[in-house]
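Okay, query09.cif now, which holds mmCIF, C-alpha atoms and all ligand atoms:
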data_my_file
#
loop_
_atom_site.group_PDB
_atom_site.id
_atom_site.type_symbol
_atom_site.label_atom_id
_atom_site.label_comp_id
_atom_site.auth_asym_id
_atom_site.auth_seq_id
_atom_site.Cartn_x
_atom_site.Cartn_y
_atom_site.Cartn_z
ATOM 1 C CA MET H 187 139.917 -3.384 169.790
ATOM 2 C CA ALA H 188 136.572 -2.175 171.118
ATOM 3 C CA ASP H 189 135.081 -0.959 167.864
ATOM 4 C CA VAL H 190 135.662 -4.026 165.669
ATOM 5 C CA GLU H 191 133.880 -7.354 165.436
ATOM 6 C CA PHE H 192 134.520 -10.616 163.600
ATOM 7 C CA VAL H 193 132.668 -11.178 160.342
ATOM 8 C CA ASN H 194 134.023 -14.710 159.963
ATOM 9 C CA THR H 195 136.824 -16.898 161.223
ATOM 10 C CA GLU H 196 137.976 -20.222 159.883
ATOM 11 C CA TYR H 197 141.243 -22.053 159.627
ATOM 12 C CA GLY H 198 142.435 -25.371 158.271
ATOM 13 C CA LYS H 199 144.870 -27.290 156.113
ATOM 14 C CA ASN H 200 145.067 -26.850 152.352
ATOM 15 C CA TRP H 201 146.079 -29.366 149.682
ATOM 16 C CA VAL H 202 146.529 -32.521 151.732
ATOM 17 C CA ARG H 203 147.586 -35.013 149.077
ATOM 18 C CA LEU H 204 146.432 -38.575 149.481
ATOM 19 C CA LEU H 205 146.640 -41.696 147.344
ATOM 20 C CA HIS H 206 144.237 -44.365 148.528
ATOM 21 C CA ILE H 207 144.504 -47.922 147.231
ATOM 22 C CA ARG H 208 141.455 -50.123 147.512
ATOM 23 C CA ARG H 209 142.156 -53.839 147.407
ATOM 24 C CA LEU H 210 138.927 -55.232 146.053
ATOM 25 C CA GLY H 211 139.503 -58.919 146.559
ATOM 26 C CA GLY H 212 141.299 -61.206 144.175
ATOM 27 C CA LYS H 213 143.921 -59.275 142.241
ATOM 28 C CA GLN H 214 141.668 -56.283 141.520
ATOM 29 C CA GLN H 215 142.797 -52.949 142.955
ATOM 30 C CA ASP H 216 141.470 -49.412 142.612
ATOM 31 C CA VAL H 217 142.952 -45.978 143.321
ATOM 32 C CA ARG H 218 141.683 -42.585 144.376
ATOM 33 C CA GLU H 219 144.130 -39.697 144.469
ATOM 34 C CA LEU H 220 142.768 -36.684 146.290
ATOM 35 C CA GLU H 221 143.769 -33.213 147.348
ATOM 36 C CA VAL H 222 141.814 -32.311 150.449
ATOM 37 C CA CYS H 223 141.342 -28.931 152.105
ATOM 38 C CA THR H 224 139.758 -28.775 155.558
ATOM 39 C CA SER H 225 138.492 -25.717 157.352
ATOM 40 C CA LEU H 226 136.996 -25.348 160.827
ATOM 41 C CA THR H 227 135.123 -22.574 162.581
ATOM 42 C CA LEU H 228 135.143 -22.637 166.385
ATOM 43 C CA THR H 229 132.734 -21.228 168.979
ATOM 44 C CA SER H 230 135.236 -18.747 170.360
ATOM 45 C CA GLN H 231 137.824 -16.458 168.827
ATOM 46 C CA LYS H 232 140.111 -16.443 171.854
ATOM 47 C CA ASP H 233 142.963 -17.623 169.666
ATOM 48 C CA TYR H 234 142.684 -14.518 167.497
ATOM 49 C CA LEU H 235 141.881 -12.196 170.403
ATOM 50 C CA HIS H 236 144.184 -13.316 173.185
ATOM 51 C CA GLY H 237 146.669 -15.792 171.733
ATOM 52 C CA ASP H 238 144.918 -18.528 173.725
ATOM 53 C CA ASN H 239 145.393 -21.715 171.669
ATOM 54 C CA SER H 240 143.523 -24.054 174.012
ATOM 55 C CA ASP H 241 140.606 -24.583 171.559
ATOM 56 C CA ILE H 242 142.718 -25.089 168.469
ATOM 57 C CA ILE H 243 142.642 -28.409 166.637
ATOM 58 C CA ALA H 244 146.001 -27.880 164.977
ATOM 59 C CA THR H 245 146.019 -27.778 161.184
ATOM 60 C CA ASP H 246 148.634 -30.521 161.434
ATOM 61 C CA THR H 247 146.075 -32.634 163.322
ATOM 62 C CA GLN H 248 143.529 -31.875 160.600
ATOM 63 C CA LYS H 249 146.001 -33.170 158.013
ATOM 64 C CA ASN H 250 146.610 -36.353 160.042
ATOM 65 C CA THR H 251 142.849 -36.809 160.406
ATOM 66 C CA VAL H 252 142.512 -36.849 156.611
ATOM 67 C CA TYR H 253 144.975 -39.742 156.426
ATOM 68 C CA ALA H 254 143.490 -41.572 159.407
ATOM 69 C CA LEU H 255 139.935 -41.382 158.040
ATOM 70 C CA ALA H 256 141.144 -42.612 154.660
ATOM 71 C CA LYS H 257 142.269 -45.724 156.538
ATOM 72 C CA THR H 258 139.280 -46.138 158.870
ATOM 73 C CA LYS H 259 136.450 -45.067 156.540
ATOM 74 C CA GLY H 260 138.018 -45.744 153.157
ATOM 75 C CA VAL H 261 137.677 -43.464 150.161
ATOM 76 C CA THR H 262 134.730 -44.411 147.988
ATOM 77 C CA THR H 263 133.787 -41.035 146.500
ATOM 78 C CA PRO H 264 135.206 -37.551 147.166
ATOM 79 C CA GLU H 265 131.745 -36.459 148.334
ATOM 80 C CA GLN H 266 131.409 -39.313 150.858
ATOM 81 C CA PHE H 267 134.935 -38.646 152.130
ATOM 82 C CA GLY H 268 133.999 -34.975 152.637
ATOM 83 C CA LEU H 269 130.884 -36.046 154.533
ATOM 84 C CA ASP H 270 132.953 -38.397 156.709
ATOM 85 C CA LEU H 271 135.384 -35.585 157.580
ATOM 86 C CA CYS H 272 132.555 -33.173 158.461
ATOM 87 C CA HIS H 273 130.947 -35.805 160.682
ATOM 88 C CA HIS H 274 134.257 -36.589 162.363
ATOM 89 C CA PHE H 275 135.098 -33.011 163.370
ATOM 90 C CA LEU H 276 131.536 -32.143 164.464
ATOM 91 C CA SER H 277 131.065 -35.313 166.506
ATOM 92 C CA SER H 278 134.547 -35.250 168.078
ATOM 93 C CA PHE H 279 134.651 -31.583 169.150
ATOM 94 C CA SER H 280 131.607 -29.796 170.577
ATOM 95 C CA HIS H 281 133.252 -26.393 170.064
ATOM 96 C CA VAL H 282 133.467 -26.829 166.279
ATOM 97 C CA THR H 283 130.515 -24.937 164.799
ATOM 98 C CA ARG H 284 131.158 -25.473 161.090
ATOM 99 C CA VAL H 285 133.306 -27.693 158.890
ATOM 100 C CA LYS H 286 134.148 -27.109 155.254
ATOM 101 C CA VAL H 287 135.908 -29.699 153.130
ATOM 102 C CA ALA H 288 137.034 -29.237 149.542
ATOM 103 C CA VAL H 289 138.198 -32.290 147.608
ATOM 104 C CA THR H 290 139.773 -32.495 144.155
ATOM 105 C CA MET H 291 140.275 -35.899 142.575
ATOM 106 C CA ALA H 292 143.059 -36.744 140.131
ATOM 107 C CA PRO H 293 141.666 -38.312 136.929
ATOM 108 C CA TRP H 294 143.258 -41.771 137.100
ATOM 109 C CA ARG H 295 141.564 -44.307 134.820
ATOM 110 C CA ARG H 296 142.099 -48.041 134.757
ATOM 111 C CA MET H 297 144.365 -49.056 131.844
ATOM 112 C CA LYS H 298 143.067 -51.234 129.076
ATOM 113 C CA ILE H 299 145.650 -53.671 127.711
ATOM 114 C CA GLY H 300 144.612 -55.619 124.607
ATOM 115 C CA GLY H 301 141.059 -54.368 125.168
ATOM 116 C CA GLN H 302 140.965 -55.769 128.718
ATOM 117 C CA ASP H 303 140.739 -53.812 131.985
ATOM 118 C CA HIS H 304 144.009 -54.069 133.902
ATOM 119 C CA ALA H 305 143.790 -55.243 137.525
ATOM 120 C CA HIS H 306 146.130 -52.648 139.011
ATOM 121 C CA ALA H 307 147.546 -50.273 136.336
ATOM 122 C CA PHE H 308 146.150 -46.803 135.675
ATOM 123 C CA ILE H 309 146.669 -43.892 133.313
ATOM 124 C CA MET H 310 146.081 -40.215 134.013
ATOM 125 C CA THR H 311 143.331 -39.069 131.665
ATOM 126 C CA PRO H 312 142.737 -35.415 132.293
ATOM 127 C CA ASP H 313 139.413 -35.264 130.402
ATOM 128 C CA ALA H 314 138.067 -33.349 133.339
ATOM 129 C CA VAL H 315 138.910 -32.860 136.990
ATOM 130 C CA ARG H 316 136.266 -33.836 139.527
ATOM 131 C CA PHE H 317 135.867 -31.823 142.703
ATOM 132 C CA CYS H 318 133.398 -31.280 145.502
ATOM 133 C CA ASN H 319 132.732 -28.978 148.436
ATOM 134 C CA VAL H 320 131.051 -30.356 151.527
ATOM 135 C CA GLU H 321 129.996 -28.028 154.314
ATOM 136 C CA GLN H 322 128.172 -28.778 157.527
ATOM 137 C CA ALA H 323 127.198 -26.518 160.388
ATOM 138 C CA ARG H 324 126.415 -27.917 163.839
ATOM 139 C CA LYS H 325 122.719 -28.871 163.890
ATOM 140 C CA GLY H 326 122.649 -28.431 160.111
ATOM 141 C CA THR H 327 122.405 -31.019 157.367
ATOM 142 C CA PRO H 328 125.460 -31.275 155.119
ATOM 143 C CA VAL H 329 125.492 -29.161 151.972
ATOM 144 C CA VAL H 330 127.194 -30.952 149.092
ATOM 145 C CA HIS H 331 128.324 -29.285 145.889
ATOM 146 C CA ALA H 332 130.058 -31.315 143.200
ATOM 147 C CA GLY H 333 131.615 -30.210 139.987
ATOM 148 C CA LEU H 334 134.022 -30.610 137.145
ATOM 149 C CA LYS H 335 136.662 -28.297 135.774
ATOM 150 C CA ASP H 336 139.374 -28.105 133.117
ATOM 151 C CA MET H 337 137.284 -30.015 130.552
ATOM 152 C CA LYS H 338 138.683 -28.724 127.259
ATOM 153 C CA ILE H 339 136.460 -29.457 124.260
ATOM 154 C CA LEU H 340 136.351 -28.404 120.623
ATOM 155 C CA LYS H 341 134.041 -28.791 117.666
ATOM 156 C CA THR H 342 134.931 -27.677 114.167
ATOM 157 C CA THR H 343 131.458 -26.881 112.822
ATOM 158 C CA GLN H 344 127.786 -26.631 113.841
ATOM 159 C CA SER H 345 128.432 -23.369 115.663
ATOM 160 C CA ALA H 346 127.314 -19.931 114.514
ATOM 161 C CA PHE H 347 127.162 -16.454 116.007
ATOM 162 C CA LYS H 348 124.802 -13.939 114.406
ATOM 163 C CA GLY H 349 122.288 -11.236 115.214
ATOM 164 C CA PHE H 350 124.292 -9.448 117.909
ATOM 165 C CA ILE H 351 124.408 -5.653 118.293
ATOM 166 C CA ARG H 352 126.450 -3.761 115.739
ATOM 167 C CA ASP H 353 127.733 -0.371 116.842
ATOM 168 C CA ARG H 354 130.640 1.778 115.737
ATOM 169 C CA TYR H 355 133.115 -0.469 117.593
ATOM 170 C CA THR H 356 131.870 -3.743 116.144
ATOM 171 C CA SER H 357 134.191 -5.459 113.709
ATOM 172 C CA LEU H 358 133.206 -9.113 114.313
ATOM 173 C CA PRO H 359 131.503 -10.540 111.206
ATOM 174 C CA GLU H 360 128.364 -12.612 111.543
ATOM 175 C CA VAL H 361 129.222 -16.261 110.966
ATOM 176 C CA ASP H 362 127.127 -19.333 110.109
ATOM 177 C CA ASP H 363 129.972 -21.703 110.764
ATOM 178 C CA ARG H 364 132.876 -21.433 113.164
ATOM 179 C CA CYS H 365 135.061 -23.462 115.520
ATOM 180 C CA PHE H 366 133.752 -23.707 119.060
ATOM 181 C CA GLU H 367 136.378 -24.392 121.709
ATOM 182 C CA THR H 368 135.894 -24.050 125.440
ATOM 183 C CA VAL H 369 137.130 -25.225 128.834
ATOM 184 C CA VAL H 370 134.133 -26.196 130.921
ATOM 185 C CA TYR H 371 133.770 -25.391 134.601
ATOM 186 C CA SER H 372 130.564 -26.554 136.243
ATOM 187 C CA ARG H 373 129.479 -26.835 139.853
ATOM 188 C CA TRP H 374 126.133 -28.005 141.141
ATOM 189 C CA ARG H 375 124.349 -28.365 144.441
ATOM 190 C CA TYR H 376 122.593 -31.485 145.594
ATOM 191 C CA GLY H 377 119.257 -30.407 147.095
ATOM 192 C CA THR H 378 118.894 -33.850 148.625
ATOM 193 C CA LEU H 379 121.236 -36.788 149.110
ATOM 194 C CA LYS H 380 118.317 -39.240 149.079
ATOM 195 C CA GLY H 381 118.852 -42.052 146.580
ATOM 196 C CA LEU H 382 121.975 -40.343 145.299
ATOM 197 C CA ASP H 383 124.882 -42.218 143.727
ATOM 198 C CA PHE H 384 127.672 -39.605 143.651
ATOM 199 C CA ASP H 385 129.668 -41.355 140.915
ATOM 200 C CA ALA H 386 126.624 -41.894 138.678
ATOM 201 C CA ALA H 387 125.445 -38.291 139.128
ATOM 202 C CA TRP H 388 128.872 -36.890 138.287
ATOM 203 C CA ASN H 389 129.195 -39.122 135.212
ATOM 204 C CA THR H 390 125.712 -38.103 134.055
ATOM 205 C CA ALA H 391 126.546 -34.407 134.420
ATOM 206 C CA LYS H 392 129.794 -34.822 132.493
ATOM 207 C CA SER H 393 128.318 -36.876 129.660
ATOM 208 C CA THR H 394 125.316 -34.547 129.401
ATOM 209 C CA ILE H 395 127.617 -31.559 128.855
ATOM 210 C CA LEU H 396 129.481 -33.505 126.163
ATOM 211 C CA GLU H 397 126.267 -34.640 124.472
ATOM 212 C CA GLU H 398 124.751 -31.139 124.501
ATOM 213 C CA PHE H 399 127.966 -29.695 123.097
ATOM 214 C CA ALA H 400 128.633 -32.327 120.447
ATOM 215 C CA GLY H 401 125.217 -33.736 119.500
ATOM 216 C CA PRO H 402 124.767 -37.056 117.691
ATOM 217 C CA PRO H 403 128.024 -38.531 116.300
ATOM 218 C CA SER H 404 127.428 -38.076 112.583
ATOM 219 C CA THR H 405 125.286 -34.931 112.483
ATOM 220 C CA GLY H 406 126.222 -32.957 115.595
ATOM 221 C CA VAL H 407 123.968 -30.290 117.059
ATOM 222 C CA PHE H 408 123.695 -26.642 116.104
ATOM 223 C CA SER H 409 124.891 -24.007 118.590
ATOM 224 C CA ALA H 410 123.543 -20.446 118.217
ATOM 225 C CA SER H 411 125.981 -19.191 120.861
ATOM 226 C CA VAL H 412 128.036 -20.297 123.838
ATOM 227 C CA GLN H 413 125.216 -18.909 126.006
ATOM 228 C CA LYS H 414 122.576 -21.172 124.436
ATOM 229 C CA THR H 415 124.704 -24.325 124.567
ATOM 230 C CA LEU H 416 125.640 -23.653 128.195
ATOM 231 C CA TYR H 417 122.004 -23.106 129.219
ATOM 232 C CA ASP H 418 120.772 -26.186 127.311
ATOM 233 C CA ALA H 419 123.374 -28.334 129.077
ATOM 234 C CA GLU H 420 122.391 -27.001 132.493
ATOM 235 C CA CYS H 421 118.668 -27.642 131.861
ATOM 236 C CA GLU H 422 119.352 -31.153 130.617
ATOM 237 C CA ILE H 423 121.429 -31.945 133.718
ATOM 238 C CA LEU H 424 118.582 -30.754 135.978
ATOM 239 C CA GLY H 425 116.257 -32.931 133.912
ATOM 240 C CA ARG H 426 118.424 -36.031 134.242
ATOM 241 C CA VAL H 427 119.558 -35.770 137.874
ATOM 242 C CA PRO H 428 116.578 -34.992 140.129
ATOM 243 C CA GLN H 429 118.762 -34.508 143.221
ATOM 244 C CA ILE H 430 120.547 -31.490 141.674
ATOM 245 C CA SER H 431 118.762 -28.316 142.746
ATOM 246 C CA GLU H 432 121.065 -25.686 141.299
ATOM 247 C CA ILE H 433 123.880 -25.594 138.747
ATOM 248 C CA GLU H 434 126.364 -23.068 137.437
ATOM 249 C CA MET H 435 128.599 -23.284 134.392
ATOM 250 C CA THR H 436 131.396 -21.126 133.078
ATOM 251 C CA MET H 437 132.565 -21.551 129.504
ATOM 252 C CA PRO H 438 135.228 -19.386 127.931
ATOM 253 C CA ASN H 439 134.896 -18.829 124.198
ATOM 254 C CA VAL H 440 138.438 -19.817 123.232
ATOM 255 C CA HIS H 441 139.201 -18.213 119.908
ATOM 256 C CA ASN H 442 140.885 -19.788 116.875
ATOM 257 C CA PHE H 443 141.355 -17.159 114.199
ATOM 258 C CA THR H 444 141.589 -18.014 110.498
ATOM 259 C CA VAL H 445 145.064 -17.115 109.238
ATOM 260 C CA ASP H 446 145.101 -14.697 106.269
ATOM 261 C CA LEU H 447 147.043 -16.549 103.570
ATOM 262 C CA SER H 448 145.873 -14.324 100.678
ATOM 263 C CA LYS H 449 149.186 -12.453 100.680
ATOM 264 C CA PHE H 450 150.806 -15.759 99.652
ATOM 265 C CA GLY H 451 148.226 -16.300 96.914
ATOM 266 C CA LEU H 452 146.596 -19.077 98.938
ATOM 267 C CA ASP H 453 142.955 -19.242 99.857
ATOM 268 C CA ASN H 454 142.121 -20.485 103.331
ATOM 269 C CA LYS H 455 138.686 -22.011 103.787
ATOM 270 C CA ASP H 456 139.018 -22.119 107.575
ATOM 271 C CA GLU H 457 141.542 -24.910 107.296
ATOM 272 C CA VAL H 458 144.501 -23.141 108.895
ATOM 273 C CA LEU H 459 143.704 -21.359 112.133
ATOM 274 C CA MET H 460 145.720 -19.746 114.870
ATOM 275 C CA PRO H 461 144.753 -20.719 118.449
ATOM 276 C CA VAL H 462 144.703 -17.652 120.685
ATOM 277 C CA ASP H 463 145.123 -18.103 124.426
ATOM 278 C CA LYS H 464 144.198 -14.550 125.433
ATOM 279 C CA PRO H 465 141.827 -12.849 125.438
ATOM 280 C CA SER H 466 138.847 -15.206 125.445
ATOM 281 C CA GLY H 467 135.158 -14.574 125.851
ATOM 282 C CA ILE H 468 133.753 -15.791 129.149
ATOM 283 C CA ILE H 469 130.163 -16.910 129.542
ATOM 284 C CA HIS H 470 128.518 -17.874 132.833
ATOM 285 C CA ALA H 471 125.037 -18.747 134.071
ATOM 286 C CA ALA H 472 123.695 -20.268 137.260
ATOM 287 C CA ILE H 473 120.188 -21.720 137.253
ATOM 288 C CA ARG H 474 118.049 -23.425 139.858
ATOM 289 C CA ARG H 475 114.702 -25.118 140.069
ATOM 290 C CA LYS H 476 111.880 -22.733 140.861
ATOM 291 C CA THR H 477 110.674 -23.323 144.413
ATOM 292 C CA THR H 478 107.352 -24.718 143.144
ATOM 293 C CA ALA H 479 109.147 -27.454 141.187
ATOM 294 C CA LYS H 480 108.885 -30.906 142.787
ATOM 295 C CA LEU H 481 111.913 -33.158 142.920
HETATM 296 O O1 LIG E 501 128.813 -17.430 121.502
HETATM 297 C C1 LIG E 501 129.236 -16.257 121.600
HETATM 298 N N1 LIG E 501 128.719 -15.419 122.551
HETATM 299 C C2 LIG E 501 129.132 -14.136 122.704
HETATM 300 O O2 LIG E 501 128.620 -13.393 123.581
HETATM 301 C C3 LIG E 501 130.149 -13.684 121.847
HETATM 302 N N2 LIG E 501 130.796 -12.499 121.713
HETATM 303 C C4 LIG E 501 131.709 -12.648 120.717
HETATM 304 O O3 LIG E 501 132.506 -11.767 120.326
HETATM 305 N N3 LIG E 501 131.648 -13.898 120.204
HETATM 306 C C5 LIG E 501 130.681 -14.576 120.881
HETATM 307 N N4 LIG E 501 130.237 -15.833 120.787
#
Translate this structure into structure tokens?
Amino acid sequence: MADVEFVNTEYGKNWVRLLHIRRLGGKQQDVRELEVCTSLTLTSQKDYLHGDNSDIIATDTQKNTVYALAKTKGVTTPEQFGLDLCHHFLSSFSHVTRVKVAVTMAPWRRMKIGGQDHAHAFIMTPDAVRFCNVEQARKGTPVVHAGLKDMKILKTTQSAFKGFIRDRYTSLPEVDDRCFETVVYSRWRYGTLKGLDFDAAWNTAKSTILEEFAGPPSTGVFSASVQKTLYDAECEILGRVPQISEIEMTMPNVHNFTVDLSKFGLDNKDEVLMPVDKPSGIIHAAIRRKTTAKL
């Protein structure tokens, strides 16, 4: 059609599942289970325009490439595997202008038996799901985002919510003490890959969120709102990981309502609550270092 133009084209393979076993010498083995999505943009759109497939690297080939690179490059971290895939497609095909790779890692953890790390047995511990997005344009440096999702956490005190607007539709009472439950999603951008240990950075981000949420073991830490806790965690992560330039977090406020037992002559001092799956509040903020800030 004469009066239309492409805004974007890309194509690839979604959800390539891969279990990679690393044999570490001796009897020690390690696993990485990944779901990998690849996406390529090509110089021409003749496939879309004319049905000319001569430039297409088939999505089936992209899937096979994921498996082949797992063998030839190994799988150390999801981020490094994404970088390896970007490099492969850009260096193998001059008509590929941009590669995007999304990787999600299954949370396998080495089993402990009698307090001792097992050499080759693992248990799925869905504390949180690790993921990353790696994107590289031809002549560009790779852009790496990493993140965690599905991290469900709860604290039973040290959370309040007061001082908000009261209008004619407000029924929520001000509270000094409430349950705080959320499911954390966070994604951050690495401004530089220099001196970066992807595993250490991810673990620092995760433990920082937990520490900011929970506080010290016996006393906890006070939360004035989901907003404040979310922002404090983001700032602390930027403080602890200098390579992170930008971070976003989304935290639903998952409600647990106190059940009214007065009709049974029972008082309920927030001991019996009813978890509510919908609706939930939803709080989000993305922050970045100001451009004057030095890494
Ligand atoms: O931490 C909170 N932030 C809100 O914006 C909000 N709104 C609400 O009803 N409860 C809460 N809690």
Can you write out as JSON lines which residues of chain H fall within 10 Å of ligand LIG 501 (chain E), alongside each residue's closest atom pair and its distance in Å to one decimal, counting all atoms listed in the file and ordering rows by chain and ascending residue number?
{"residue": "H:Ser345", "atom": "CA", "partner": "E:LIG501", "partner_atom": "O1", "distance": 8.3}
{"residue": "H:Ala346", "atom": "CA", "partner": "E:LIG501", "partner_atom": "O1", "distance": 7.6}
{"residue": "H:Phe347", "atom": "CA", "partner": "E:LIG501", "partner_atom": "N4", "distance": 5.7}
{"residue": "H:Lys348", "atom": "CA", "partner": "E:LIG501", "partner_atom": "N4", "distance": 8.6}
{"residue": "H:Phe350", "atom": "CA", "partner": "E:LIG501", "partner_atom": "N2", "distance": 8.1}
{"residue": "H:Ile351", "atom": "CA", "partner": "E:LIG501", "partner_atom": "N2", "distance": 10.0}
{"residue": "H:Thr356", "atom": "CA", "partner": "E:LIG501", "partner_atom": "O3", "distance": 9.1}
{"residue": "H:Ser357", "atom": "CA", "partner": "E:LIG501", "partner_atom": "O3", "distance": 9.3}
{"residue": "H:Leu358", "atom": "CA", "partner": "E:LIG501", "partner_atom": "O3", "distance": 6.6}
{"residue": "H:Pro359", "atom": "CA", "partner": "E:LIG501", "partner_atom": "O3", "distance": 9.3}
{"residue": "H:Glu360", "atom": "CA", "partner": "E:LIG501", "partner_atom": "N3", "distance": 9.4}
{"residue": "H:Val361", "atom": "CA", "partner": "E:LIG501", "partner_atom": "N3", "distance": 9.8}
{"residue": "H:Arg364", "atom": "CA", "partner": "E:LIG501", "partner_atom": "N4", "distance": 9.8}
{"residue": "H:Phe366", "atom": "CA", "partner": "E:LIG501", "partner_atom": "O1", "distance": 8.4}
{"residue": "H:Ser409", "atom": "CA", "partner": "E:LIG501", "partner_atom": "O1", "distance": 8.2}
{"residue": "H:Ala410", "atom": "CA", "partner": "E:LIG501", "partner_atom": "O1", "distance": 6.9}
{"residue": "H:Ser411", "atom": "CA", "partner": "E:LIG501", "partner_atom": "O1", "distance": 3.4}
{"residue": "H:Val412", "atom": "CA", "partner": "E:LIG501", "partner_atom": "O1", "distance": 3.8}
{"residue": "H:Gln413", "atom": "CA", "partner": "E:LIG501", "partner_atom": "O1", "distance": 6.0}
{"residue": "H:Lys414", "atom": "CA", "partner": "E:LIG501", "partner_atom": "O1", "distance": 7.8}
{"residue": "H:Thr415", "atom": "CA", "partner": "E:LIG501", "partner_atom": "O1", "distance": 8.6}
{"residue": "H:Leu416", "atom": "CA", "partner": "E:LIG501", "partner_atom": "O1", "distance": 9.7}
{"residue": "H:Met437", "atom": "CA", "partner": "E:LIG501", "partner_atom": "O1", "distance": 9.8}
{"residue": "H:Pro438", "atom": "CA", "partner": "E:LIG501", "partner_atom": "C1", "distance": 9.3}
{"residue": "H:Asn439", "atom": "CA", "partner": "E:LIG501", "partner_atom": "N4", "distance": 6.5}
{"residue": "H:Val440", "atom": "CA", "partner": "E:LIG501", "partner_atom": "N4", "distance": 9.4}
{"residue": "H:His441", "atom": "CA", "partner": "E:LIG501", "partner_atom": "N3", "distance": 8.7}
{"residue": "H:Ser466", "atom": "CA", "partner": "E:LIG501", "partner_atom": "O3", "distance": 8.8}
{"residue": "H:Gly467", "atom": "CA", "partner": "E:LIG501", "partner_atom": "N2", "distance": 6.4}
{"residue": "H:Ile468", "atom": "CA", "partner": "E:LIG501", "partner_atom": "O2", "distance": 7.9}
{"residue": "H:Ile469", "atom": "CA", "partner": "E:LIG501", "partner_atom": "O2", "distance": 7.1}
Could you write out the selected residues, including C-alpha atoms, as a PDB file, in the frame of the given file?
ATOM      1  CA  SER H 345     128.432 -23.369 115.663  1.00  0.00           C
ATOM      2  CA  ALA H 346     127.314 -19.931 114.514  1.00  0.00           C
ATOM      3  CA  PHE H 347     127.162 -16.454 116.007  1.00  0.00           C
ATOM      4  CA  LYS H 348     124.802 -13.939 114.406  1.00  0.00           C
ATOM      5  CA  PHE H 350     124.292  -9.448 117.909  1.00  0.00           C
ATOM      6  CA  ILE H 351     124.408  -5.653 118.293  1.00  0.00           C
ATOM      7  CA  THR H 356     131.870  -3.743 116.144  1.00  0.00           C
ATOM      8  CA  SER H 357     134.191  -5.459 113.709  1.00  0.00           C
ATOM      9  CA  LEU H 358     133.206  -9.113 114.313  1.00  0.00           C
ATOM     10  CA  PRO H 359     131.503 -10.540 111.206  1.00  0.00           C
ATOM     11  CA  GLU H 360     128.364 -12.612 111.543  1.00  0.00           C
ATOM     12  CA  VAL H 361     129.222 -16.261 110.966  1.00  0.00           C
ATOM     13  CA  ARG H 364     132.876 -21.433 113.164  1.00  0.00           C
ATOM     14  CA  PHE H 366     133.752 -23.707 119.060  1.00  0.00           C
ATOM     15  CA  SER H 409     124.891 -24.007 118.590  1.00  0.00           C
ATOM     16  CA  ALA H 410     123.543 -20.446 118.217  1.00  0.00           C
ATOM     17  CA  SER H 411     125.981 -19.191 120.861  1.00  0.00           C
ATOM     18  CA  VAL H 412     128.036 -20.297 123.838  1.00  0.00           C
ATOM     19  CA  GLN H 413     125.216 -18.909 126.006  1.00  0.00           C
ATOM     20  CA  LYS H 414     122.576 -21.172 124.436  1.00  0.00           C
ATOM     21  CA  THR H 415     124.704 -24.325 124.567  1.00  0.00           C
ATOM     22  CA  LEU H 416     125.640 -23.653 128.195  1.00  0.00           C
ATOM     23  CA  MET H 437     132.565 -21.551 129.504  1.00  0.00           C
ATOM     24  CA  PRO H 438     135.228 -19.386 127.931  1.00  0.00           C
ATOM     25  CA  ASN H 439     134.896 -18.829 124.198  1.00  0.00           C
ATOM     26  CA  VAL H 440     138.438 -19.817 123.232  1.00  0.00           C
ATOM     27  CA  HIS H 441     139.201 -18.213 119.908  1.00  0.00           C
ATOM     28  CA  SER H 466     138.847 -15.206 125.445  1.00  0.00           C
ATOM     29  CA  GLY H 467     135.158 -14.574 125.851  1.00  0.00           C
ATOM     30  CA  ILE H 468     133.753 -15.791 129.149  1.00  0.00           C
ATOM     31  CA  ILE H 469     130.163 -16.910 129.542  1.00  0.00           C
TER      32      ILE H 469
END
Could you tell me which residues the PyMOL selection byres (((chain H and resi 426) around 9) and not hetatm) returns for this structure, as a CSV table (one decimal) with C-alpha atoms, in the frame of the given file?
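In the end it all went to result16.csv:
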chain,number,residue,atom,x,y,z
H,387,ALA,CA,125.4,-38.3,139.1
H,390,THR,CA,125.7,-38.1,134.1
H,391,ALA,CA,126.5,-34.4,134.4
H,394,THR,CA,125.3,-34.5,129.4
H,421,CYS,CA,118.7,-27.6,131.9
H,422,GLU,CA,119.4,-31.2,130.6
H,423,ILE,CA,121.4,-31.9,133.7
H,424,LEU,CA,118.6,-30.8,136.0
H,425,GLY,CA,116.3,-32.9,133.9
H,427,VAL,CA,119.6,-35.8,137.9
H,428,PRO,CA,116.6,-35.0,140.1
H,430,ILE,CA,120.5,-31.5,141.7
List the neighbours of Trp201 of chain H out to 12 Å using all atoms listed in the file; skip same-chain residues closer than 4 positions along the sequence, and give me the result as a PyMOL selection string. chain H and resi 219-225+245+248-249+252+287-291
Contact residues around Val330 of chain H with all atoms listed in the file at 8 Å, ignoring same-chain residues under 2 positions, as a VMD selection string: chain H and resid 265 318 to 321 328 332 375 to 376
The PyMOL selection byres (((chain H and resi 276) around 12) and not hetatm) - which residues does that actually catch in the file I just gave you? List them as a ChimeraX atom specification. /H:225-229,243,269-275,277-286,321-328
Expected axis-aligned box over every listed atom of segment 446-454 of chain H, 5 Å added per side, centre plus edges in Å to one decimal, as AutoDock Vina command-line options:
--center_x 146.5 --center_y -16.5 --center_z 101.6 --size_x 18.7 --size_y 18.0 --size_z 19.4
The PyMOL selection byres (((chain H and resi 444) around 6) and not hetatm) resolved against shown file, as an NGL selection string: :H and (443 or 445 or 456 or 459)
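For the atom pair formed by atom CA of Ile207 of chain H and atom CA of Lys257 of chain H, the distance is 9.8 Å, given to one decimal.
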Residues proximal to (147.4, -59.9, 135.3) were defined as those with any atom within 8 Å of that point in the file's coordinates, counting only C-alpha atoms. Which are they, as a PDB file with C-alpha atoms, in the frame of the given file?
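Saved the output as selection-v6.pdb:
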ATOM      1  CA  LYS H 213     143.921 -59.275 142.241  1.00  0.00           C
ATOM      2  CA  HIS H 304     144.009 -54.069 133.902  1.00  0.00           C
ATOM      3  CA  ALA H 305     143.790 -55.243 137.525  1.00  0.00           C
TER       4      ALA H 305
END
